[in-house]
Amino acid sequence: MEKSGCATVVTIAIGLVLVGGFIAQSCAKANSMSSANEEQKKAAVPAMLTVGEVPVTAADISDAREAVNKQFGSQNNTLEADAQMDGFALAQAIQAAANQALATKYKVQVTDDEVRKSVQDQLDMSVQMEKAQLVQSGKLKKEATDADFDAYVKAQTGKTVSEIKAMKVDEIFSKPETIAALRRQLIGKKVSEVLEKEAKFTDDDIKLSKATAEVQRIYVKDSTSKGKAQEIIGKAEADLKAGKAFGDVVAQYTEDVPEKGKDIKTATQTFSMGQAVTDKDYELLKKLKVGEVSGVLDLDGGYAIYKIIKLTPNVPKDFEKEKEQDRQMLASQYAGTLLRKEVNAMTAPEKIKWSNAGLELLYEVFMIPTHSEGNVEKANKLYAELLAKKVQVDPNDVMGTGAMAKARFLASSALWAKYTDAQKKEKASERIEILTAVLEGSEGIDVRLELANLLLDQKDKAAGENLLQAARSNLDYDQPGKTNFDKINELLAKLDKAGLVDAAQKADIEKAQKEWTDQKKETDKAKLEQEQEMERQRKEAEEQAKKDKAEAEKEAKEAKDKSTNAPSGSTGPKAPSAPGTSSSDLGGGGPSTSSPLNPSGGQ
C-alpha cells in the first residue's frame, strides 16, 4: 500500500486568523465537516437552524469549519479534538448569524472596501508576526530589516512579501462565501460603534466610575446543585427583609468562597463602580450609599445581593482635562457589554430554531462546559442525559449523522475519563457501539486503537481489523506517529497471543508498519536536507550582506578621502590655467576664485 503523508516542504507560512495562511501546507482530514458533504455545501439547501430571523445553512457551517482548520491547523489531531473543532465551528456559524441579526436590528452594513481594508490590516499583522518568529528561531538576525525579511521570503518561495500578499488578497476576493464570512465578522465592530454613539454618560457617571467599593455579597450560581437558583436567592432576600443580619444570610446562602483564614460572614470583595456605570445588570448599585443593601441582581451565570461596606472616590485632579477621553472609554465598555449580552441572549439554546437534530445535539454537548460553569457534577449529569437522548436523524444526511455520532462520542469520552475500572467494564459495550458509530463517518487512529483494545478485552476478532486500520491511518512521522507505531506493535503482539488476528491481517499490519518505517526514513532525510539548504541559504545571504556592507563602507571611505584631500575651496578638479596667464586673469577681470584673502572663493 502506498502512503501519501504530508511531504515536508520549505514554506513561509504567514497565518491569518480569519482566512488562513499565505501558503497552506496541511494534511486536512477528509472526515472534517468541511469535506463530509461537499455536494451539500455547493447546492442550495434549506437552513440547518435559524438564529433570530437569520438562517444557517450547511454551507455556512462548512465554511466555518474550513476557517477553524486554517486557524488551528488540522494535522495530528485526535478524533476527539476533531469533534471538538466541529462543535466550535458550529458555534462560530451561530455567532456569525447572531451578528447578522444584530446588523439588521441596528441597520448597519459592511462595504467591500471595509472588508478589503480588514484583510490588508490582518495580512500586515501576519507579516510582522512571521518576521518575529523567524528572528526568534534564528533564521533572521535580531536587527533584520523588512528588506532582509523580504529577501528571505523570496529565497524560500520565489516571490516577495508584496507579491504573496497580492496573491492572497486576490484569492480571498475570488470566493464570495469567504467575503460573506468576513463581512459578518466585521458587523460586530460596526454595531458596537452604533451603541457607543447611543451611550450617554454625565460627568457624575464618569466620577462614579473612578470609585471603588468594598462590598459583601450573597451569590447563587445558575448551575447551583442546591436547587433552583431563583428560589434560593428569593429566600435570601426574604430573610434580609425579615431583619436577619447580612453576614448570617451570606453564610447560609452564598456560593462565594472567602480567602483563606477569613470568615465568610465578614469577608468582603472589591468592586469597581465603573461596572455599575457601564453594565445594566449592576445598575442597582449606582445609587447605593454605605450600609445600604441592593435588591436581587440578575447576572450572567447567577443572582446576587450586594451590601456597600465602604465607598472610596478616586476622582483625579486632572478630571476636566481627561473626562472626554474617559467618557469615550465608558461608551466603549458599555457597547461591548451590551453587544455580548445581546449575542448571548440570541444564541441561548432555547432561542435557536433547529431543523437538524444531529447538529443540535453536537451544539448542546459542545456548550456543556460553558453552561455547567465548572460544576463537574452538573456537567456529568448533562453528558449522561444527552448520551441517553434518543435522536432521529435522516440516514442520508451526512452532516447530521456525523454530528450526532461525534456528539455522542464527546459526551461518552467526557464520562469515560472519570469512570472507575468497574464502571468501564459495565459500560464497555456502549463505548464500543459509540466508537464504531463515529468511525463510520470519520477516521482517527486514537479511536481505532482504543476500540481494538476494548474488543481485545471482549475477545472479539474485530480487534484485528481495527488494528489494521490504525496501522494504515498512521501518517504522522514525528513523535506522535512514533508513539502510535509502538502502540500498534504492542497491541499486535497481544492480539496474536490471544488468537484474535489471522495470518493475513498480521501480514498486512506488519507491511503497514514497515511502510511507516520506510516513509519515516525518507521524511527525516528530506527534512534534514531542507534544514541544511535553509542554513546554506541563510549563510549565503549573511555573507552577501557582509560583502554589501564592506563595499558600502569602502565607497564611503573613498568618498571621504577624496573630500579630505581636495584643495581647500575646491569641490572638484580645477581646470588648468591657460599658458602665460594666472588664475586671476581668467574670468574677464572678475574677482579671483581663490586667493589668500578669499580662500573660499566667495565674493
# chains A, B, ... in the order shown; residues from 1 in each chain; ligands from 1
call {"tool": "residues_around", "arguments": {"residues": "Gln275 in chain A", "least_positions_apart": "2", "cutoff": "10 Å", "atoms": "only C-alpha atoms", "output": "PyMOL selection string"}}
result
chain A and resi 208-209+271-273+277-283+285-286+330+333-334+337
call {"tool": "residues_around", "arguments": {"residues": "Thr401 in chain A", "least_positions_apart": "3", "cutoff": "10 Å", "atoms": "only C-alpha atoms", "output": "list in words"}}
result
Asn356, Ala357, Gly358, Leu359, Val391, Gln392, Val393, Asp394, Pro395, Asn396, Asp397, Val398, Met404, Ala405, Lys406, Ala407, Ala437, Val438, Glu440 and Gly441 of chain A
call {"tool": "write_last_selection", "arguments": {"atoms": "C-alpha atoms", "output": "CSV table (one decimal), in the first residue's frame"}}
result
chain,number,residue,atom,x,y,z
A,356,ASN,CA,-31.3,19.3,12.2
A,357,ALA,CA,-31.3,17.1,15.4
A,358,GLY,CA,-27.8,15.9,14.9
A,359,LEU,CA,-26.3,19.4,14.8
A,391,VAL,CA,-32.2,11.4,18.4
A,392,GLN,CA,-33.7,10.7,15.0
A,393,VAL,CA,-31.6,11.8,12.0
A,394,ASP,CA,-32.1,11.1,8.3
A,395,PRO,CA,-29.5,8.4,7.5
A,396,ASN,CA,-28.9,10.2,4.1
A,397,ASP,CA,-28.0,13.4,5.9
A,398,VAL,CA,-24.2,13.0,6.1
A,404,MET,CA,-24.8,13.1,16.1
A,405,ALA,CA,-22.0,10.4,16.2
A,406,LYS,CA,-19.5,13.0,17.2
A,407,ALA,CA,-21.8,14.4,19.9
A,437,ALA,CA,-20.5,4.7,15.0
A,438,VAL,CA,-18.2,7.7,15.0
A,440,GLU,CA,-18.3,5.2,10.2
A,441,GLY,CA,-18.0,8.8,9.1
call {"tool": "residues_around", "arguments": {"residues": "range 306-313 of chain A", "least_positions_apart": "2", "cutoff": "6 Å", "atoms": "only C-alpha atoms", "output": "list in words"}}
result
Ala211, Thr212, Ala213, Glu214, Val215, Gln216, Arg217, Val290, Gly291, Glu292, Val293, Ser294 and Val315 of chain A
call {"tool": "write_last_selection", "arguments": {"atoms": "all heavy atoms", "output": "short mmCIF file (atom, residue, chain, number, x, y, z; two decimals), in the first residue's frame"}}
result
data_model
loop_
_atom_site.label_atom_id
_atom_site.label_comp_id
_atom_site.auth_asym_id
_atom_site.auth_seq_id
_atom_site.Cartn_x
_atom_site.Cartn_y
_atom_site.Cartn_z
N ALA A 211 -14.61 55.34 41.24
CA ALA A 211 -14.68 54.91 42.63
C ALA A 211 -14.56 53.39 42.77
O ALA A 211 -14.87 52.63 41.85
CB ALA A 211 -15.99 55.38 43.25
N THR A 212 -14.10 52.96 43.92
CA THR A 212 -14.08 51.53 44.27
C THR A 212 -14.92 51.33 45.52
O THR A 212 -14.97 52.20 46.40
CB THR A 212 -12.65 51.03 44.52
OG1 THR A 212 -12.04 51.82 45.54
CG2 THR A 212 -11.82 51.09 43.26
N ALA A 213 -15.58 50.20 45.57
CA ALA A 213 -16.43 49.89 46.72
C ALA A 213 -15.97 48.60 47.38
O ALA A 213 -15.56 47.65 46.69
CB ALA A 213 -17.88 49.77 46.28
N GLU A 214 -16.03 48.58 48.70
CA GLU A 214 -15.81 47.35 49.46
C GLU A 214 -17.20 46.80 49.75
O GLU A 214 -18.04 47.50 50.33
CB GLU A 214 -15.05 47.64 50.75
CG GLU A 214 -14.63 46.39 51.51
CD GLU A 214 -13.85 46.72 52.76
OE1 GLU A 214 -13.29 47.83 52.85
OE2 GLU A 214 -13.81 45.87 53.66
N VAL A 215 -17.47 45.58 49.31
CA VAL A 215 -18.83 45.04 49.39
C VAL A 215 -18.86 43.64 50.01
O VAL A 215 -17.86 42.93 50.01
CB VAL A 215 -19.48 44.95 47.98
CG1 VAL A 215 -19.51 46.31 47.33
CG2 VAL A 215 -18.73 43.95 47.10
N GLN A 216 -20.03 43.31 50.53
CA GLN A 216 -20.35 41.92 50.87
C GLN A 216 -21.38 41.45 49.85
O GLN A 216 -22.17 42.25 49.34
CB GLN A 216 -20.94 41.83 52.28
CG GLN A 216 -19.91 41.88 53.40
CD GLN A 216 -20.56 41.68 54.76
OE1 GLN A 216 -21.25 42.54 55.26
NE2 GLN A 216 -20.34 40.51 55.33
N ARG A 217 -21.35 40.15 49.56
CA ARG A 217 -22.23 39.67 48.50
C ARG A 217 -22.81 38.30 48.83
O ARG A 217 -22.11 37.42 49.34
CB ARG A 217 -21.44 39.57 47.19
CG ARG A 217 -22.27 39.11 46.01
CD ARG A 217 -21.50 39.19 44.71
NE ARG A 217 -20.69 37.99 44.49
CZ ARG A 217 -20.28 37.57 43.28
NH1 ARG A 217 -20.59 38.30 42.21
NH2 ARG A 217 -19.55 36.50 43.15
N VAL A 290 -23.26 53.89 51.62
CA VAL A 290 -22.59 52.97 52.54
C VAL A 290 -23.60 52.43 53.55
O VAL A 290 -24.38 53.18 54.14
CB VAL A 290 -21.43 53.67 53.27
CG1 VAL A 290 -20.84 52.76 54.35
CG2 VAL A 290 -20.34 54.07 52.28
N GLY A 291 -23.61 51.10 53.70
CA GLY A 291 -24.52 50.44 54.63
C GLY A 291 -25.81 49.96 54.00
O GLY A 291 -26.55 49.17 54.60
N GLU A 292 -26.10 50.42 52.77
CA GLU A 292 -27.34 50.03 52.12
C GLU A 292 -27.19 48.70 51.36
O GLU A 292 -26.09 48.33 50.94
CB GLU A 292 -27.81 51.13 51.16
CG GLU A 292 -28.26 52.39 51.88
CD GLU A 292 -28.80 53.45 50.95
OE1 GLU A 292 -28.46 53.41 49.74
OE2 GLU A 292 -29.56 54.31 51.41
N VAL A 293 -28.34 48.01 51.18
CA VAL A 293 -28.38 46.69 50.53
C VAL A 293 -29.18 46.79 49.24
O VAL A 293 -30.23 47.43 49.21
CB VAL A 293 -29.00 45.63 51.47
CG1 VAL A 293 -29.11 44.28 50.76
CG2 VAL A 293 -28.17 45.50 52.74
N SER A 294 -28.68 46.15 48.20
CA SER A 294 -29.37 46.17 46.91
C SER A 294 -30.52 45.18 46.88
O SER A 294 -30.67 44.34 47.77
CB SER A 294 -28.38 45.81 45.79
OG SER A 294 -28.08 44.42 45.84
N VAL A 315 -11.59 60.51 42.18
CA VAL A 315 -11.64 61.50 41.11
C VAL A 315 -10.26 62.13 40.95
O VAL A 315 -9.71 62.69 41.90
CB VAL A 315 -12.67 62.60 41.44
CG1 VAL A 315 -12.72 63.63 40.30
CG2 VAL A 315 -14.05 61.97 41.65
#
call {"tool": "select_by_dssp", "arguments": {"residues": "range 14-231 of chain A", "states": "strand (DSSP E or B)", "output": "list in words"}}
result
Leu49, Thr50, Val51, Val54, Pro55, Val56, Thr212, Ala213, Glu214, Val215, Gln216, Arg217, Ile218, Tyr219, Val220 and Lys221 of chain A
call {"tool": "select_by_dssp", "arguments": {"residues": "range 117-252 of chain A", "states": "alpha helix (DSSP H)", "output": "VMD selection string"}}
result
chain A and resid 117 to 136 146 to 157 161 to 173 176 to 198 203 to 209 229 to 241 246 to 252
call {"tool": "closest_residue", "arguments": {"among": "A:Lys154, A:Arg431, A:Lys560, A:Lys165", "to": "Met125 in chain A", "atoms": "only C-alpha atoms"}}
result
A:Lys165
call {"tool": "closest_residue", "arguments": {"among": "A:Ile206, A:Leu456, A:Val115, A:Val110", "to": "Glu320 in chain A", "atoms": "only C-alpha atoms"}}
result
A:Ile206
call {"tool": "atom_distance", "arguments": {"atom1": "CA of Asp82 in chain A", "atom2": "CA of Glu66 in chain A"}}
result
12.1 Å
call {"tool": "closest_residue", "arguments": {"among": "A:Asp204, A:Glu551, A:Asp298, A:Val153", "to": "Gly234 in chain A", "atoms": "only C-alpha atoms"}}
result
A:Asp298
call {"tool": "residues_around", "arguments": {"residues": "range 517-521 of chain A", "least_positions_apart": "2", "cutoff": "10 Å", "atoms": "only C-alpha atoms", "output": "list in words"}}
result
Glu2, Lys3, Ser4, Gly5, Leu475, Asp476, Tyr477, Asp478, Gly481, Lys482, Phe485, Lys511, Ala512, Gln513, Lys514, Glu515, Thr523, Asp524, Lys525, Ala526 and Lys527 of chain A
call {"tool": "atom_distance", "arguments": {"atom1": "CA of Asp457 in chain A", "atom2": "CA of Ala403 in chain A"}}
result
28.5 Å
call {"tool": "closest_residue", "arguments": {"among": "A:Ser118, A:Asn375, A:Asn484, A:Gln133", "to": "Arg472 in chain A", "atoms": "only C-alpha atoms"}}
result
A:Asn484
call {"tool": "closest_residue", "arguments": {"among": "A:Ala147, A:Ala331, A:Ile352, A:Ala251", "to": "Ala199 in chain A", "atoms": "only C-alpha atoms"}}
result
A:Ala331
call {"tool": "closest_residue", "arguments": {"among": "A:Asn466, A:Glu426, A:Gln505, A:Ile94", "to": "Ala58 in chain A", "atoms": "only C-alpha atoms"}}
result
A:Ile94
call {"tool": "decode", "arguments": {"residues": "range 141-177 of chain A", "atoms": "N, CA and C atoms", "output": "compact mmCIF listing (two decimals), in the first residue's frame"}}
result
# COMPACT_ATOMS: atom_id res chain seq x y z
N LYS A 141 18.39 37.64 11.61
CA LYS A 141 19.09 38.33 12.70
C LYS A 141 18.11 39.21 13.47
N LYS A 142 18.47 39.49 14.71
CA LYS A 142 17.61 40.30 15.56
C LYS A 142 17.37 41.68 14.96
N GLU A 143 18.41 42.23 14.31
CA GLU A 143 18.30 43.57 13.74
C GLU A 143 17.83 43.54 12.28
N ALA A 144 17.31 42.41 11.83
CA ALA A 144 16.88 42.27 10.43
C ALA A 144 15.84 43.32 10.07
N THR A 145 16.00 43.89 8.89
CA THR A 145 15.06 44.89 8.41
C THR A 145 13.95 44.21 7.60
N ASP A 146 12.95 45.01 7.21
CA ASP A 146 11.88 44.47 6.36
C ASP A 146 12.46 43.99 5.04
N ALA A 147 13.51 44.65 4.58
CA ALA A 147 14.16 44.25 3.32
C ALA A 147 14.83 42.88 3.48
N ASP A 148 15.45 42.66 4.64
CA ASP A 148 16.07 41.35 4.91
C ASP A 148 15.00 40.26 4.92
N PHE A 149 13.89 40.56 5.57
CA PHE A 149 12.78 39.59 5.64
C PHE A 149 12.25 39.30 4.24
N ASP A 150 12.10 40.35 3.44
CA ASP A 150 11.59 40.19 2.08
C ASP A 150 12.52 39.31 1.26
N ALA A 151 13.83 39.52 1.45
CA ALA A 151 14.81 38.71 0.71
C ALA A 151 14.74 37.25 1.14
N TYR A 152 14.54 37.03 2.43
CA TYR A 152 14.43 35.65 2.93
C TYR A 152 13.19 34.96 2.35
N VAL A 153 12.08 35.67 2.37
CA VAL A 153 10.84 35.10 1.83
C VAL A 153 11.00 34.76 0.35
N LYS A 154 11.63 35.65 -0.40
CA LYS A 154 11.80 35.41 -1.84
C LYS A 154 12.71 34.22 -2.09
N ALA A 155 13.73 34.06 -1.22
CA ALA A 155 14.64 32.92 -1.38
C ALA A 155 13.90 31.61 -1.14
N GLN A 156 12.91 31.62 -0.27
CA GLN A 156 12.19 30.39 0.05
C GLN A 156 11.02 30.11 -0.90
N THR A 157 10.38 31.18 -1.37
CA THR A 157 9.15 31.00 -2.15
C THR A 157 9.26 31.45 -3.60
N GLY A 158 10.29 32.24 -3.91
CA GLY A 158 10.41 32.79 -5.26
C GLY A 158 9.57 34.03 -5.47
N LYS A 159 8.91 34.51 -4.39
CA LYS A 159 8.07 35.70 -4.50
C LYS A 159 8.36 36.63 -3.33
N THR A 160 8.14 37.90 -3.56
CA THR A 160 8.31 38.88 -2.49
C THR A 160 7.07 38.84 -1.59
N VAL A 161 7.20 39.45 -0.41
CA VAL A 161 6.06 39.53 0.51
C VAL A 161 4.89 40.26 -0.16
N SER A 162 5.18 41.35 -0.85
CA SER A 162 4.11 42.11 -1.52
C SER A 162 3.39 41.26 -2.56
N GLU A 163 4.15 40.45 -3.31
CA GLU A 163 3.53 39.60 -4.32
C GLU A 163 2.65 38.54 -3.67
N ILE A 164 3.13 37.97 -2.57
CA ILE A 164 2.34 36.95 -1.87
C ILE A 164 1.07 37.56 -1.29
N LYS A 165 1.20 38.75 -0.70
CA LYS A 165 0.03 39.43 -0.16
C LYS A 165 -0.99 39.71 -1.24
N ALA A 166 -0.52 40.16 -2.40
CA ALA A 166 -1.44 40.45 -3.51
C ALA A 166 -2.15 39.19 -3.98
N MET A 167 -1.39 38.08 -4.03
CA MET A 167 -1.99 36.79 -4.41
C MET A 167 -3.07 36.38 -3.41
N LYS A 168 -2.77 36.58 -2.13
CA LYS A 168 -3.72 36.18 -1.09
C LYS A 168 -4.98 37.02 -1.15
N VAL A 169 -4.81 38.32 -1.39
CA VAL A 169 -5.99 39.19 -1.50
C VAL A 169 -6.85 38.76 -2.68
N ASP A 170 -6.22 38.47 -3.82
CA ASP A 170 -6.97 38.01 -5.00
C ASP A 170 -7.70 36.71 -4.71
N GLU A 171 -7.01 35.81 -3.99
CA GLU A 171 -7.62 34.51 -3.65
C GLU A 171 -8.84 34.72 -2.76
N ILE A 172 -8.70 35.57 -1.77
CA ILE A 172 -9.79 35.81 -0.82
C ILE A 172 -11.00 36.39 -1.54
N PHE A 173 -10.75 37.39 -2.39
CA PHE A 173 -11.86 38.08 -3.03
C PHE A 173 -12.42 37.33 -4.23
N SER A 174 -11.85 36.17 -4.53
CA SER A 174 -12.41 35.34 -5.59
C SER A 174 -13.47 34.38 -5.05
N LYS A 175 -13.64 34.37 -3.71
CA LYS A 175 -14.58 33.45 -3.08
C LYS A 175 -15.69 34.23 -2.39
N PRO A 176 -16.86 34.29 -2.99
CA PRO A 176 -17.98 35.04 -2.39
C PRO A 176 -18.31 34.59 -0.97
N GLU A 177 -18.20 33.27 -0.71
CA GLU A 177 -18.56 32.80 0.63
C GLU A 177 -17.57 33.30 1.68
